[in-house]
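> There's a structure below that I have some questions on.
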Amino acid sequence: MDMLFDEDLKAFRNEIARWVDERLAPRAEALDASEEFAEDLFKELGELGYLGVMYPEAYGGSGIERPYLYFTVLCEELARGSAGFAATVCMHGSTATNTIHAWGSEDVRQKYLVPALRGDMVGAFAITEANAGSDASALRTRAEKVAGGYRLNGIKLFTSGAYHADFITVAATSDPSKGLKGIGLYLLDTAAEGFSVRKLSKFSVRCSDTNELLLDNVFIPDDRRLGDEHGGFLNAYKSLTVDRIFTAALALGIGRAAYEAALRYAKERVQFGQLIGKFQAVQFKLVDMLAMLEQCRLYTYYAAALADRGQAITTEAALAKIVAADGCNEVCQKALNIFGGYGLMNEFPAQRYLRDSYFPMIGGGTSDIMRLIISRQLGL
């Protein structure tokens with residue numbers, strides 16, 4: 001792994017880790033309890049330049065040579081502090097803004113991308129519907145061509161970050177009979193007439209808002225169609241594939257936090273006259289947790305390095321997500337077990353880490369969907 005981390009990347013990790021320790025981690029418990037997104041911390045990240053890690057300097061980005069590795073580090077470290085906060089930042093800094101950078105006009109980039117990278121705007125990305133989750137081809141939100149643009153009608157579900165979003169890239173179909181080839185991407189300004197959002201409550205990554213969106217005859221100007229009217233969604237598939245690596249990084253960060261908390265606790269908690277870390281049962285759990293985290297790290301950063309080289313990553317990104325998401329959940333279960341009864345108490349973080357560990361197993365495609373994707377890559 002050291003060959004991937006030169007001095008610049010190590011310095012980047014140290015900088016964001018320090019920010020997480022000083023600014024994010026102390027507020028993680030309160031943010032989880034309140035289910036509120038920390039807009040002030042989001043703004044700080046933008047002012048510090050972290051939201052633009054994957055973008056050119058011309059739009060306020062960093063212009064770095066290995067953007068996927070850097071953004072993977074960012075996602076991991078943020079998730080170590082607060083998985084909920086990290087989940088919204090991850091989606092904002094990747095797919096929500098990448099669609100604008102890749103297919104938006106220059107005017108649209110200046111109006112939405114530039115302020116988004118400064119932290120002045122929050123972006124989201126909406127695909128899922130009640131009957132179209134893993135099967136995106138089944139979505140029924142319609143985009144009807146009208147003079148000067150499109151009218152969007154439909155209901156989106158489980159959209160992360162939309163409650164606080166200023167803009168949302170919406171996947172909608174202009175021809176359901178064409179399946180994926182009939183789906184385009186449309187940039188919706190949340191101030192648009194006919195748009196409304198309902199915040200949903202959940203037990204995992206609670207301070208990352210998850211929402212139901214109602215699109216009632218919402219007008220989208222022509223210049224806010226991102227890519228082709230037919231098949232524009234297919235253009236974004238690479239971005240969604242890379243997002244699996246970032247989700248793996250979120251899992252890795254959650255798992256690290258759980259492991260480190262359990263290790264500290266094992267060195268503090270006394271039972272039967274000695275530290276519980278002296279008992280072989282606890283020692284073996286901690287060693288197994290460390291081994292799993294190292295495996296997750298290797299898969300995740302290998303996939304990110306391949307993405308930076310422009311290589312095909314369909315299989316590698318899906319594998320990283322499976323290994324990291326499932327591994328993180330296992331690590332967090334062991335951590336809660338080490339905490340014992342205190343692990344069930346809200347005043348201790350073990351229960352939050354375990355709750356949050358379920359998000360990477362579901363978000364961006366379940367582990368079984370990742371297995372299906374890999375099976376198809378194997379020609380099965």
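Here, A, B, ... name the chains of the structure tokens in the order displayed, residue numbers run from 1 inside each chain, and ligands are numbered from 1 in the same displayed order.
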Name the residues in contact with A:Thr173 at a cut-off of 8 Å, using only C-alpha atoms, excluding same-chain residues fewer than 3 positions from it; report them as a PyMOL selection string.
chain A and resi 139-143+176+182-184+230
> Residues of stretch 197-315 of chain A in helix (DSSP H, G or I) according to DSSP, as number ranges by chain?
A: 222-224, 232-235, 237-266, 276-278, 280-308, 314-315
> Between atom CA of A:Met370 and atom CA of A:Ala318, what is the distance, to one decimal in Å?
5.2 Å
> Closest to A:Ile362 among A:Phe5, A:Phe158, A:Phe348, A:Tyr237, using only C-alpha atoms?
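Selected residue with least distance to A:Ile362: A:Phe158.
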> With distances taken over only C-alpha atoms, which residue among A:Ala58, A:Val146, A:Cys332, A:Val89 lies nearest A:Val114?
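Residue with the minimum atom-to-atom distance to A:Val114: A:Ala58.
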> Could you tell me which of A:Tyr353, A:Tyr342, A:Tyr59, A:Tyr68 comes closest to A:Arg269 if we count only C-alpha atoms?
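For A:Arg269, the nearest of the candidates is A:Tyr342.
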> Quick one: of A:Leu215, A:Ala317, A:Leu51, A:Val73, who's nearest to A:Asn153, counting only C-alpha atoms?
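Smallest separation from A:Asn153 among the options: A:Leu215.
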> For A:Tyr55, find every residue with an atom within 9 Å (counting only C-alpha atoms), except residues of its own chain fewer than 5 positions away, and show them as a PyMOL selection string.
chain A and resi 60-64+67+98+101+117
> Emit the selected residues as a PDB file, in the first residue's frame, including C-alpha atoms.

ATOM      1  CA  GLY A  60     -12.374  25.862  -7.978  1.00  0.00           C
ATOM      2  CA  GLY A  61     -11.143  22.283  -7.730  1.00  0.00           C
ATOM      3  CA  SER A  62      -7.749  20.929  -6.712  1.00  0.00           C
ATOM      4  CA  GLY A  63      -6.580  19.818 -10.138  1.00  0.00           C
ATOM      5  CA  ILE A  64      -4.638  16.901  -8.642  1.00  0.00           C
ATOM      6  CA  PRO A  67      -8.325  12.411  -7.857  1.00  0.00           C
ATOM      7  CA  ASN A  98     -19.615  15.030 -11.706  1.00  0.00           C
ATOM      8  CA  HIS A 101     -18.885  18.822 -14.837  1.00  0.00           C
ATOM      9  CA  LEU A 117     -17.210  23.123  -4.807  1.00  0.00           C
TER      10      LEU A 117
END
> What does the distance from atom CA of A:Gly364 to atom CA of A:Asp120 come to in Å, to one decimal?
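Those two atoms sit 25.4 Å apart.
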> Among the residues of stretch 209-336 of chain A, find those DSSP assigns to strand (DSSP E) from the backbone and print them as a VMD selection string.
chain A and resid 210 to 221 225 to 226 270 to 271 274 to 275
> Keeping only N, CA and C atoms, write the selected residues as a compact mmCIF listing (two decimals), in the first residue's frame.

# COMPACT_ATOMS: atom_id res chain seq x y z
N THR A 210 -32.26 11.32 4.17
CA THR A 210 -32.77 10.46 3.11
C THR A 210 -34.21 10.85 2.87
N ASN A 211 -34.61 10.95 1.60
CA ASN A 211 -35.84 11.67 1.31
C ASN A 211 -36.69 11.04 0.21
N GLU A 212 -37.96 11.41 0.25
CA GLU A 212 -38.88 11.15 -0.85
C GLU A 212 -39.09 12.47 -1.60
N LEU A 213 -38.97 12.43 -2.92
CA LEU A 213 -39.11 13.63 -3.73
C LEU A 213 -40.39 13.56 -4.56
N LEU A 214 -41.13 14.63 -4.59
CA LEU A 214 -42.33 14.71 -5.43
C LEU A 214 -42.07 15.72 -6.54
N LEU A 215 -42.19 15.26 -7.78
CA LEU A 215 -42.00 16.10 -8.96
C LEU A 215 -43.36 16.25 -9.64
N ASP A 216 -43.96 17.40 -9.47
CA ASP A 216 -45.30 17.67 -9.99
C ASP A 216 -45.23 18.70 -11.11
N ASN A 217 -45.03 18.19 -12.33
CA ASN A 217 -44.97 19.07 -13.51
C ASN A 217 -43.85 20.09 -13.40
N VAL A 218 -42.69 19.65 -12.91
CA VAL A 218 -41.54 20.54 -12.72
C VAL A 218 -40.89 20.84 -14.06
N PHE A 219 -40.68 22.12 -14.34
CA PHE A 219 -40.08 22.52 -15.61
C PHE A 219 -38.55 22.53 -15.51
N ILE A 220 -37.91 21.87 -16.49
CA ILE A 220 -36.46 21.83 -16.58
C ILE A 220 -36.05 22.45 -17.91
N PRO A 221 -35.34 23.57 -17.92
CA PRO A 221 -34.93 24.19 -19.18
C PRO A 221 -34.04 23.26 -20.01
N ARG A 225 -30.61 19.75 -19.30
CA ARG A 225 -30.54 18.32 -19.60
C ARG A 225 -29.06 17.98 -19.72
N LEU A 226 -28.61 17.01 -18.95
CA LEU A 226 -27.20 16.66 -18.89
C LEU A 226 -26.94 15.44 -19.77
N VAL A 270 -11.74 -3.28 33.08
CA VAL A 270 -11.22 -4.32 33.96
C VAL A 270 -12.35 -5.26 34.36
N GLN A 271 -12.10 -6.56 34.22
CA GLN A 271 -13.00 -7.60 34.69
C GLN A 271 -12.17 -8.76 35.25
N GLN A 274 -8.40 -7.99 35.86
CA GLN A 274 -7.43 -7.60 34.84
C GLN A 274 -8.13 -6.95 33.65
N LEU A 275 -7.34 -6.27 32.83
CA LEU A 275 -7.89 -5.64 31.63
C LEU A 275 -8.47 -6.72 30.71
> Quick one: contact table of stretch 332-358 of chain A to stretch 83-87 of chain A, 10 Å max, nearest atom pair and distance in Å to one decimal per residue, counting only C-alpha atoms, chain and number order, as CSV?

residue,atom,partner,partner_atom,distance
A:Arg352,CA,A:Ala83,CA,9.4
A:Tyr353,CA,A:Ala83,CA,8.3
A:Asp356,CA,A:Ala83,CA,6.5
A:Ser357,CA,A:Ala83,CA,8.6
> Out of A:Arg244, A:Lys111, A:Lys181, A:Arg206, which residue has the shortest atom-to-atom distance to A:Glu36 when counting only C-alpha atoms?
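The shortest atom-to-atom distance to A:Glu36 comes from A:Arg206.
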